[in-house]
$ cat data03.cif   # mmCIF, C-alpha atoms
data_input
#
loop_
_atom_site.label_atom_id
_atom_site.label_comp_id
_atom_site.auth_asym_id
_atom_site.auth_seq_id
_atom_site.Cartn_x
_atom_site.Cartn_y
_atom_site.Cartn_z
CA MET J 98 0.00 0.00 0.00
CA LEU J 99 1.31 3.44 -0.97
CA ILE J 100 0.40 6.46 1.16
CA ASN J 101 0.96 10.10 0.27
CA TYR J 102 1.75 11.98 3.48
CA GLY J 103 2.78 15.53 4.18
CA CYS J 104 2.13 18.83 5.87
CA GLU J 105 2.35 22.58 5.47
CA ILE J 106 2.62 24.74 8.58
CA ALA J 107 3.17 28.48 8.82
CA ILE J 108 3.97 30.47 11.95
CA SER J 109 4.78 34.11 12.54
CA VAL J 110 7.23 35.54 15.07
CA THR J 111 8.01 39.12 16.10
CA GLU J 112 11.77 38.50 16.31
CA ALA J 113 14.23 35.81 15.26
CA THR J 114 13.25 32.68 17.22
CA PRO J 115 14.92 29.25 17.49
CA VAL J 116 12.57 26.42 16.46
CA ILE J 117 12.73 22.62 16.46
CA CYS J 118 10.35 20.70 14.17
CA LEU J 119 9.36 17.04 14.54
CA LEU J 120 7.40 16.46 11.36
CA ASP J 121 9.34 13.85 9.41
CA VAL J 122 8.97 10.07 9.33
CA HIS J 123 10.62 8.32 12.29
CA PRO J 124 14.10 6.88 11.52
CA GLN J 125 12.83 3.34 12.21
CA TYR J 126 10.56 3.58 9.16
CA ARG J 127 12.53 5.72 6.72
CA ALA J 128 13.44 2.66 4.64
CA ARG J 129 9.75 2.52 3.68
CA ILE J 130 9.82 5.95 2.04
CA VAL J 131 9.43 5.50 -1.71
CA SER J 132 9.95 9.17 -2.55
CA GLU J 133 10.16 12.35 -0.52
CA SER J 134 10.63 16.02 -1.29
CA PRO J 135 13.20 17.80 0.91
CA PHE J 136 12.04 19.52 4.07
CA ARG J 137 11.34 23.03 2.77
CA THR J 138 11.20 26.43 4.39
CA GLU J 139 9.91 29.73 3.02
CA PRO J 140 11.92 31.88 3.19
CA ARG J 141 14.91 29.60 2.64
CA ILE J 142 16.96 29.39 5.83
CA PRO J 143 19.59 26.96 7.18
CA VAL J 144 18.12 23.76 8.66
CA LEU J 145 20.19 21.45 10.86
CA PRO J 146 18.86 17.89 11.27
CA HIS J 147 19.60 15.96 14.45
CA TYR J 148 18.31 13.08 16.59
CA ASP J 149 16.90 13.73 20.05
CA SER J 150 17.38 11.53 23.12
CA PHE J 151 14.42 9.35 22.10
CA GLY J 152 15.83 8.71 18.61
CA ASN J 153 13.38 11.02 16.83
CA TYR J 154 14.49 12.88 13.70
CA CYS J 155 14.34 16.64 14.27
CA GLN J 156 14.89 19.77 12.18
CA ARG J 157 16.53 22.70 13.97
CA LEU J 158 16.30 26.22 12.57
CA THR J 159 15.88 29.88 13.47
CA ALA J 160 12.64 31.48 12.28
CA PRO J 161 13.29 35.01 10.97
CA THR J 162 11.09 37.92 11.96
CA GLY J 163 7.75 37.64 10.15
CA GLU J 164 6.18 34.50 8.70
CA LEU J 165 7.92 31.15 8.27
CA ARG J 166 6.38 28.30 6.27
CA VAL J 167 7.64 24.71 6.53
CA SER J 168 6.45 21.80 4.39
CA LEU J 169 7.23 18.28 3.33
CA ASP J 170 5.61 15.66 1.11
CA GLY J 171 6.34 12.02 0.42
CA ILE J 172 5.16 8.56 -0.51
CA PHE J 173 5.31 5.84 2.16
CA ARG J 174 4.99 2.10 1.61
CA ALA J 175 2.79 0.60 4.35
CA ASN J 176 2.12 -3.11 4.77
CA GLY J 177 -1.63 -2.60 4.27
CA PHE J 178 -2.58 -4.58 7.39
CA PRO J 179 -4.36 -3.31 10.52
CA ASP J 180 -2.47 -2.94 13.80
CA PRO J 181 -1.75 -6.45 15.09
CA ILE J 182 -3.72 -8.08 17.91
CA VAL J 183 -1.59 -10.38 20.08
CA GLN J 184 -3.92 -11.51 22.83
CA GLU J 185 -1.40 -14.02 24.17
CA ALA J 186 1.21 -11.29 24.85
CA ARG J 187 2.04 -11.42 28.55
CA GLU J 188 3.15 -8.76 30.99
CA ILE J 189 6.83 -8.75 31.92
CA PRO J 190 7.64 -8.30 35.62
CA VAL J 191 9.37 -5.01 36.33
CA GLU J 192 12.59 -6.72 37.44
CA ARG J 193 12.85 -8.38 34.01
CA LEU J 194 11.98 -5.39 31.84
CA PRO J 195 14.68 -4.15 29.42
CA ASP J 196 16.52 -1.12 30.75
CA GLU J 197 15.29 1.12 27.92
CA THR J 198 11.64 0.62 28.95
CA ILE J 199 11.99 1.75 32.57
CA ALA J 200 11.67 5.47 31.73
CA PHE J 201 8.19 4.70 30.39
CA LEU J 202 7.00 3.50 33.81
CA ALA J 203 7.65 6.82 35.55
CA GLY J 204 5.36 9.81 35.82
CA SER J 205 5.85 12.68 33.37
CA ARG J 206 4.53 16.19 32.70
CA TYR J 207 1.07 15.10 31.51
CA CYS J 208 0.88 11.64 33.12
CA GLU J 209 0.65 11.91 36.93
CA THR J 210 1.19 8.32 38.03
CA ASP J 211 1.48 9.37 41.67
CA ARG J 212 -2.08 10.75 41.63
CA MET J 213 -3.67 8.02 39.51
CA SER J 214 -2.23 4.83 40.99
CA GLN J 215 -5.21 4.05 43.22
CA VAL J 216 -7.65 4.72 40.36
CA ALA J 217 -5.72 2.36 38.10
CA TRP J 218 -5.68 -0.54 40.54
CA ASP J 219 -9.29 0.01 41.59
CA TYR J 220 -10.44 -0.15 37.98
CA PHE J 221 -8.07 -2.70 36.49
CA GLY J 222 -6.41 -4.65 39.28
CA ALA J 223 -8.79 -7.59 38.81
CA HIS J 224 -8.24 -7.85 35.04
CA ALA J 225 -6.09 -10.63 33.66
CA PRO J 226 -2.54 -9.30 33.21
CA GLY J 227 -1.06 -8.85 29.78
CA TRP J 228 -2.82 -7.90 26.55
CA ALA J 229 -6.27 -8.20 28.15
CA ARG J 230 -5.43 -5.63 30.81
CA ALA J 231 -3.94 -3.17 28.32
CA GLN J 232 -6.98 -3.53 26.08
CA ALA J 233 -9.28 -3.02 29.08
CA VAL J 234 -7.54 0.29 29.80
CA CYS J 235 -7.90 1.28 26.15
CA ASP J 236 -11.61 0.40 26.17
CA PHE J 237 -12.15 2.38 29.35
CA VAL J 238 -10.42 5.54 28.11
CA HIS J 239 -12.26 5.36 24.78
CA ASN J 240 -15.62 5.18 26.55
CA HIS J 241 -14.79 7.54 29.43
CA LEU J 242 -13.74 10.55 27.33
CA THR J 243 -15.76 12.47 24.77
CA PHE J 244 -13.70 13.61 21.80
CA GLY J 245 -14.01 17.13 20.37
CA TYR J 246 -11.55 19.58 18.80
CA GLN J 247 -13.29 22.31 20.79
CA HIS J 248 -12.05 20.57 23.95
CA ALA J 249 -8.35 21.07 23.10
CA ARG J 250 -6.30 22.60 25.91
CA ALA J 251 -2.53 22.54 26.05
CA THR J 252 -2.39 22.24 29.85
CA ARG J 253 -4.81 19.30 30.30
CA THR J 254 -3.16 16.36 32.09
CA ALA J 255 -4.24 12.74 32.34
CA LEU J 256 -5.92 13.40 35.69
CA ASP J 257 -7.68 16.46 34.27
CA ALA J 258 -8.97 14.36 31.38
CA PHE J 259 -10.16 11.68 33.78
CA ASP J 260 -12.06 14.25 35.85
CA GLU J 261 -13.39 16.36 32.95
CA ARG J 262 -14.19 13.39 30.67
CA ILE J 263 -13.40 15.35 27.50
CA GLY J 264 -10.37 15.82 25.27
CA VAL J 265 -8.59 15.40 21.96
CA CYS J 266 -6.41 12.49 20.86
CA ARG J 267 -3.44 13.55 23.00
CA ASP J 268 -5.67 13.53 26.11
CA PHE J 269 -6.89 10.02 25.31
CA ALA J 270 -3.27 8.94 24.93
CA HIS J 271 -2.12 10.62 28.15
CA LEU J 272 -4.87 9.02 30.22
CA MET J 273 -4.13 5.53 28.88
CA ILE J 274 -0.40 6.01 29.38
CA ALA J 275 -0.82 7.14 32.99
CA LEU J 276 -3.11 4.23 33.86
CA CYS J 277 -0.83 1.68 32.20
CA ARG J 278 2.25 2.97 33.98
CA CYS J 279 0.44 2.74 37.31
CA LEU J 280 -0.18 -0.94 36.49
CA ASN J 281 3.56 -1.46 35.78
CA LEU J 282 2.99 -1.57 32.03
CA PRO J 283 5.57 0.58 30.19
CA ALA J 284 3.68 2.96 27.90
CA ARG J 285 4.87 5.67 25.55
CA TYR J 286 3.32 8.50 23.55
CA VAL J 287 3.37 8.34 19.74
CA ASN J 288 2.34 10.90 17.17
CA GLY J 289 2.20 10.59 13.43
CA TYR J 290 0.17 10.57 10.24
CA LEU J 291 -3.05 8.54 10.25
CA GLY J 292 -5.44 8.82 7.33
CA ASP J 293 -8.95 7.43 7.00
CA ILE J 294 -7.88 4.22 5.27
CA GLY J 295 -10.33 1.35 5.61
CA VAL J 296 -12.73 3.45 7.71
CA PRO J 297 -15.41 6.06 6.88
CA ALA J 298 -13.89 9.43 6.01
CA ASP J 299 -13.87 11.97 8.81
CA PRO J 300 -15.30 15.30 7.54
CA ALA J 301 -13.10 17.28 9.95
CA PRO J 302 -9.84 18.74 8.57
CA MET J 303 -7.03 16.21 8.86
CA ASP J 304 -4.62 16.55 11.77
CA PHE J 305 -1.68 14.67 13.17
CA SER J 306 -2.82 11.84 15.42
CA ALA J 307 -1.61 10.59 18.80
CA TRP J 308 -1.74 7.02 20.07
CA VAL J 309 -0.03 4.73 22.58
CA GLU J 310 2.50 1.92 22.51
CA VAL J 311 2.52 -0.54 25.43
CA TYR J 312 5.43 -2.88 26.14
CA LEU J 313 4.46 -6.52 26.57
CA GLU J 314 6.18 -9.81 25.85
CA GLY J 315 7.49 -9.55 22.30
CA GLY J 316 7.94 -5.77 22.16
CA TRP J 317 5.92 -2.58 21.79
CA TYR J 318 2.28 -2.86 20.67
CA THR J 319 -0.03 -0.17 19.32
CA PHE J 320 -3.21 0.84 21.16
CA ASP J 321 -5.39 3.76 20.08
CA PRO J 322 -7.79 4.89 22.82
CA ARG J 323 -9.14 7.72 20.66
CA HIS J 324 -10.46 5.38 17.94
CA ASN J 325 -10.23 2.02 19.79
CA GLN J 326 -9.91 0.35 16.42
CA ARG J 327 -7.08 -1.49 14.70
CA ARG J 328 -6.16 0.93 11.90
CA ILE J 329 -4.28 0.70 8.61
CA GLY J 330 -1.46 2.97 7.50
CA ARG J 331 -0.05 4.58 10.63
CA ILE J 332 3.14 6.55 9.87
CA VAL J 333 5.10 7.20 13.06
CA VAL J 334 6.77 10.60 13.39
CA ALA J 335 7.97 10.67 17.00
CA ARG J 336 7.84 8.86 20.33
CA GLY J 337 8.34 10.12 23.87
CA ARG J 338 7.13 9.99 27.45
CA ASP J 339 4.22 12.31 26.62
CA ALA J 340 3.40 15.26 24.36
CA THR J 341 6.05 17.40 26.08
CA ASP J 342 8.79 15.36 24.40
CA VAL J 343 7.40 15.42 20.85
CA PRO J 344 5.83 18.80 19.95
CA LEU J 345 5.40 19.22 16.20
CA ILE J 346 6.71 22.79 16.45
CA ASN J 347 8.75 23.74 19.51
CA SER J 348 9.61 27.46 19.45
CA PHE J 349 11.90 29.01 22.04
CA GLY J 350 9.81 32.16 22.14
CA PRO J 351 6.20 33.08 21.27
CA HIS J 352 4.78 32.33 17.84
CA THR J 353 1.39 32.59 16.16
CA LEU J 354 0.07 29.70 14.08
CA LYS J 355 -1.03 30.97 10.64
CA THR J 356 -1.49 27.82 8.53
CA PHE J 357 -1.86 24.15 9.43
CA ARG J 358 -2.50 21.52 6.72
CA VAL J 359 -1.91 17.77 6.95
CA TRP J 360 -2.60 15.08 4.36
CA THR J 361 -2.46 11.29 4.49
CA GLN J 362 -4.15 9.30 1.75
CA GLU J 363 -3.72 6.06 -0.15
CA VAL J 364 -2.48 6.46 -3.72
CA ALA J 365 -2.28 4.05 -6.63
CA ALA J 366 1.06 3.13 -8.22
CA PRO J 367 0.50 5.23 -11.39
CA GLN J 368 -0.12 8.29 -9.22
CA MET J 369 3.14 7.62 -7.44
CA GLN J 370 5.05 8.22 -10.66
CA ALA J 371 3.63 11.74 -10.83
CA CYS J 372 4.67 12.66 -7.29
#

$ encode --input "data03.cif" --output "structure tokens"
Amino acid sequence: MLINYGCEIAISVTEATPVICLLDVHPQYRARIVSESPFRTEPRIPVLPHYDSFGNYCQRLTAPTGELRVSLDGIFRANGFPDPIVQEAREIPVERLPDETIAFLAGSRYCETDRMSQVAWDYFGAHAPGWARAQAVCDFVHNHLTFGYQHARATRTALDAFDERIGVCRDFAHLMIALCRCLNLPARYVNGYLGDIGVPADPAPMDFSAWVEVYLEGGWYTFDPRHNQRRIGRIVVARGRDATDVPLINSFGPHTLKTFRVWTQEVAAPQMQAC
């Protein structure tokens, strides 16, 4: 399956401002890129790529005074299958977890494990450990929160979402992550491109999506509390402890968002030749 992905984002600043962008395909999946236009800026300015501490591919630049537009476009080869279901995947005791997963058990900016531990064990302590428990958390978050773009708030934490029962995809992800970590299930935040492939088209303008990966026997597995559905064609951009680690645009000074367009759609092979 071939997927055309890309974005165009414009911001304005009142003085030269350092910016880091996390918009490109994650290094783990770059071998699946069939074609890709270079990361572009208007006006043309120097861009320095680097990898952050989580292994994400970042673009570092300084936005000049006025408006800056960044864009990219590419074709990605996906396997065409929905997210796997591995019901036999077992939990791994904390003392046997790989070292690199331990950071994803601790609390973080938006995932207050210290304040949600009792809630997690009250709700899910009796569930069978492993895949069944992770899926139970996903089911709960999906049903507990009401999605709406009008509910977006940059400061909402997992506990806030639990209490308010509203949010956008990042809030669904934060609540599931916090509950999983309280249950000693390593969980990390993922954002990326996710088009309406194999599901009814969403009439709302396309956006980047956020979901969760939980570590069980065999590795990291995808769970999506916002949709609670195994989806086709996810393109991972970045992973971190929560949204703090993987902002799409991180400016070291105030900026105003002027344009925000995202596209993710399946394309046929002949169309690929024209891209």

$ residues_around --input "data03.cif" --residues "region 211-228 of chain J" --least-positions-apart "4" --cutoff "8 Å" --atoms "all atoms listed in the file" --output "list in words"
Val183, Gln184, Glu185, Ala186, Arg187, Glu188, Gly204, Gln232, Ala233, Val234, Leu256, Ala275, Leu276, Cys277, Cys279, Leu280 and Leu313 of chain J

$ resolve_selection --input "data03.cif" --expression "the PyMOL selection byres ((chain J and resi 119) around 6)" --output "PyMOL selection string"
chain J and resi 118+120+155+345

$ residues_near_point --input "data03.cif" --point "(12.4, 34.5, 13.9)" --cutoff "9 Å" --atoms "all atoms listed in the file" --output "JSON list (two decimals) with C-alpha atoms, in the coordinates of the input"
[["chain", "number", "residue", "atom", "x", "y", "z"],
["J", 109, "SER", "CA", 4.78, 34.11, 12.54],
["J", 110, "VAL", "CA", 7.23, 35.54, 15.07],
["J", 111, "THR", "CA", 8.01, 39.12, 16.10],
["J", 112, "GLU", "CA", 11.77, 38.50, 16.31],
["J", 113, "ALA", "CA", 14.23, 35.81, 15.26],
["J", 114, "THR", "CA", 13.25, 32.68, 17.22],
["J", 115, "PRO", "CA", 14.92, 29.25, 17.49],
["J", 116, "VAL", "CA", 12.57, 26.42, 16.46],
["J", 159, "THR", "CA", 15.88, 29.88, 13.47],
["J", 160, "ALA", "CA", 12.64, 31.48, 12.28],
["J", 161, "PRO", "CA", 13.29, 35.01, 10.97],
["J", 162, "THR", "CA", 11.09, 37.92, 11.96],
["J", 163, "GLY", "CA", 7.75, 37.64, 10.15],
["J", 164, "GLU", "CA", 6.18, 34.50, 8.70],
["J", 165, "LEU", "CA", 7.92, 31.15, 8.27],
["J", 350, "GLY", "CA", 9.81, 32.16, 22.14],
["J", 352, "HIS", "CA", 4.78, 32.33, 17.84]]

$ closest_residue --input "data03.cif" --among "J:Phe320, J:Phe201, J:Phe136, J:Tyr286" --to "Pro179 (chain J)" --atoms "all atoms listed in the file"
J:Phe320

$ residues_near_point --input "data03.cif" --point "(8.3, 28.5, 5.3)" --cutoff "8 Å" --atoms "only C-alpha atoms" --output "VMD selection string"
chain J and resid 106 to 107 137 to 141 164 to 168

$ write_last_selection --input "data03.cif" --atoms "C-alpha atoms" --output "compact mmCIF listing (two decimals), in the coordinates of the input"
# COMPACT_ATOMS: atom_id res chain seq x y z
CA ILE J 106 2.62 24.74 8.58
CA ALA J 107 3.17 28.48 8.82
CA ARG J 137 11.34 23.03 2.77
CA THR J 138 11.20 26.43 4.39
CA GLU J 139 9.91 29.73 3.02
CA PRO J 140 11.92 31.88 3.19
CA ARG J 141 14.91 29.60 2.64
CA GLU J 164 6.18 34.50 8.70
CA LEU J 165 7.92 31.15 8.27
CA ARG J 166 6.38 28.30 6.27
CA VAL J 167 7.64 24.71 6.53
CA SER J 168 6.45 21.80 4.39

$ atom_distance --input "data03.cif" --atom1 "CA of Phe357 (chain J)" --atom2 "CA of Ile108 (chain J)"
9.0 Å

$ decode --input "data03.cif" --residues "region 279-317 of chain J" --atoms "N, CA and C atoms" --output "mmCIF file, in the first residue's frame"
data_model
loop_
_atom_site.group_PDB
_atom_site.id
_atom_site.type_symbol
_atom_site.label_atom_id
_atom_site.label_comp_id
_atom_site.auth_asym_id
_atom_site.auth_seq_id
_atom_site.Cartn_x
_atom_site.Cartn_y
_atom_site.Cartn_z
ATOM 1 N N CYS J 279 0.813 3.079 35.929
ATOM 2 C CA CYS J 279 0.437 2.744 37.308
ATOM 3 C C CYS J 279 0.313 1.238 37.503
ATOM 4 N N LEU J 280 -0.024 0.519 36.443
ATOM 5 C CA LEU J 280 -0.177 -0.939 36.486
ATOM 6 C C LEU J 280 1.122 -1.662 36.137
ATOM 7 N N ASN J 281 2.229 -0.922 36.105
ATOM 8 C CA ASN J 281 3.556 -1.462 35.780
ATOM 9 C C ASN J 281 3.663 -1.949 34.338
ATOM 10 N N LEU J 282 2.892 -1.312 33.459
ATOM 11 C CA LEU J 282 2.989 -1.567 32.027
ATOM 12 C C LEU J 282 3.699 -0.379 31.382
ATOM 13 N N PRO J 283 4.918 -0.540 30.866
ATOM 14 C CA PRO J 283 5.567 0.581 30.187
ATOM 15 C C PRO J 283 4.697 1.071 29.036
ATOM 16 N N ALA J 284 4.527 2.375 28.948
ATOM 17 C CA ALA J 284 3.677 2.956 27.903
ATOM 18 C C ALA J 284 4.299 4.254 27.429
ATOM 19 N N ARG J 285 4.291 4.467 26.105
ATOM 20 C CA ARG J 285 4.874 5.670 25.551
ATOM 21 C C ARG J 285 3.924 6.341 24.571
ATOM 22 N N TYR J 286 4.147 7.630 24.402
ATOM 23 C CA TYR J 286 3.318 8.497 23.550
ATOM 24 C C TYR J 286 3.871 8.475 22.131
ATOM 25 N N VAL J 287 2.967 8.359 21.145
ATOM 26 C CA VAL J 287 3.367 8.339 19.741
ATOM 27 C C VAL J 287 2.518 9.352 18.982
ATOM 28 N N ASN J 288 3.149 10.107 18.093
ATOM 29 C CA ASN J 288 2.341 10.898 17.171
ATOM 30 C C ASN J 288 2.785 10.620 15.743
ATOM 31 N N GLY J 289 1.880 10.874 14.813
ATOM 32 C CA GLY J 289 2.203 10.588 13.425
ATOM 33 C C GLY J 289 1.040 10.876 12.501
ATOM 34 N N TYR J 290 1.199 10.430 11.274
ATOM 35 C CA TYR J 290 0.170 10.572 10.244
ATOM 36 C C TYR J 290 -0.762 9.367 10.311
ATOM 37 N N LEU J 291 -2.065 9.620 10.255
ATOM 38 C CA LEU J 291 -3.050 8.541 10.251
ATOM 39 C C LEU J 291 -4.248 8.983 9.412
ATOM 40 N N GLY J 292 -4.329 8.475 8.203
ATOM 41 C CA GLY J 292 -5.441 8.822 7.327
ATOM 42 C C GLY J 292 -6.623 7.898 7.525
ATOM 43 N N ASP J 293 -7.726 8.225 6.879
ATOM 44 C CA ASP J 293 -8.954 7.432 7.000
ATOM 45 C C ASP J 293 -8.930 6.315 5.962
ATOM 46 N N ILE J 294 -8.045 5.355 6.174
ATOM 47 C CA ILE J 294 -7.879 4.225 5.265
ATOM 48 C C ILE J 294 -8.598 3.015 5.861
ATOM 49 N N GLY J 295 -9.571 2.495 5.126
ATOM 50 C CA GLY J 295 -10.330 1.347 5.614
ATOM 51 C C GLY J 295 -11.414 1.697 6.596
ATOM 52 N N VAL J 296 -11.666 2.991 6.806
ATOM 53 C CA VAL J 296 -12.728 3.447 7.711
ATOM 54 C C VAL J 296 -13.468 4.591 7.025
ATOM 55 N N PRO J 297 -14.697 4.915 7.470
ATOM 56 C CA PRO J 297 -15.410 6.055 6.875
ATOM 57 C C PRO J 297 -14.607 7.340 7.011
ATOM 58 N N ALA J 298 -14.634 8.171 5.988
ATOM 59 C CA ALA J 298 -13.891 9.427 6.008
ATOM 60 C C ALA J 298 -14.422 10.354 7.089
ATOM 61 N N ASP J 299 -13.507 10.990 7.797
ATOM 62 C CA ASP J 299 -13.866 11.973 8.810
ATOM 63 C C ASP J 299 -13.988 13.333 8.114
ATOM 64 N N PRO J 300 -15.135 14.011 8.226
ATOM 65 C CA PRO J 300 -15.299 15.299 7.538
ATOM 66 C C PRO J 300 -14.449 16.420 8.117
ATOM 67 N N ALA J 301 -13.918 16.234 9.331
ATOM 68 C CA ALA J 301 -13.100 17.284 9.945
ATOM 69 C C ALA J 301 -11.765 17.402 9.219
ATOM 70 N N PRO J 302 -11.165 18.589 9.193
ATOM 71 C CA PRO J 302 -9.840 18.740 8.573
ATOM 72 C C PRO J 302 -8.847 17.770 9.201
ATOM 73 N N MET J 303 -7.961 17.205 8.378
ATOM 74 C CA MET J 303 -7.025 16.212 8.864
ATOM 75 C C MET J 303 -5.998 16.849 9.785
ATOM 76 N N ASP J 304 -5.580 16.093 10.780
ATOM 77 C CA ASP J 304 -4.624 16.553 11.771
ATOM 78 C C ASP J 304 -3.620 15.428 12.006
ATOM 79 N N PHE J 305 -2.522 15.735 12.672
ATOM 80 C CA PHE J 305 -1.676 14.669 13.168
ATOM 81 C C PHE J 305 -2.449 13.916 14.243
ATOM 82 N N SER J 306 -2.112 12.652 14.440
ATOM 83 C CA SER J 306 -2.819 11.841 15.423
ATOM 84 C C SER J 306 -1.860 11.399 16.510
ATOM 85 N N ALA J 307 -2.402 11.110 17.681
ATOM 86 C CA ALA J 307 -1.608 10.593 18.801
ATOM 87 C C ALA J 307 -2.184 9.262 19.250
ATOM 88 N N TRP J 308 -1.309 8.319 19.551
ATOM 89 C CA TRP J 308 -1.739 7.020 20.070
ATOM 90 C C TRP J 308 -0.717 6.519 21.072
ATOM 91 N N VAL J 309 -0.817 5.272 21.472
ATOM 92 C CA VAL J 309 -0.026 4.728 22.578
ATOM 93 C C VAL J 309 0.654 3.446 22.128
ATOM 94 N N GLU J 310 1.856 3.217 22.627
ATOM 95 C CA GLU J 310 2.501 1.916 22.512
ATOM 96 C C GLU J 310 2.770 1.371 23.906
ATOM 97 N N VAL J 311 2.370 0.132 24.133
ATOM 98 C CA VAL J 311 2.524 -0.544 25.426
ATOM 99 C C VAL J 311 3.522 -1.683 25.254
ATOM 100 N N TYR J 312 4.431 -1.821 26.220
ATOM 101 C CA TYR J 312 5.434 -2.882 26.139
ATOM 102 C C TYR J 312 4.939 -4.143 26.850
ATOM 103 N N LEU J 313 4.835 -5.201 26.068
ATOM 104 C CA LEU J 313 4.463 -6.520 26.573
ATOM 105 C C LEU J 313 5.464 -7.530 26.009
ATOM 106 N N GLU J 314 5.302 -8.769 26.371
ATOM 107 C CA GLU J 314 6.179 -9.811 25.846
ATOM 108 C C GLU J 314 6.196 -9.741 24.306
ATOM 109 N N GLY J 315 7.375 -9.631 23.757
ATOM 110 C CA GLY J 315 7.494 -9.548 22.305
ATOM 111 C C GLY J 315 7.755 -8.164 21.779
ATOM 112 N N GLY J 316 7.611 -7.126 22.609
ATOM 113 C CA GLY J 316 7.938 -5.775 22.155
ATOM 114 C C GLY J 316 6.844 -4.764 22.416
ATOM 115 N N TRP J 317 6.881 -3.679 21.653
ATOM 116 C CA TRP J 317 5.922 -2.585 21.786
ATOM 117 C C TRP J 317 4.722 -2.828 20.870
#
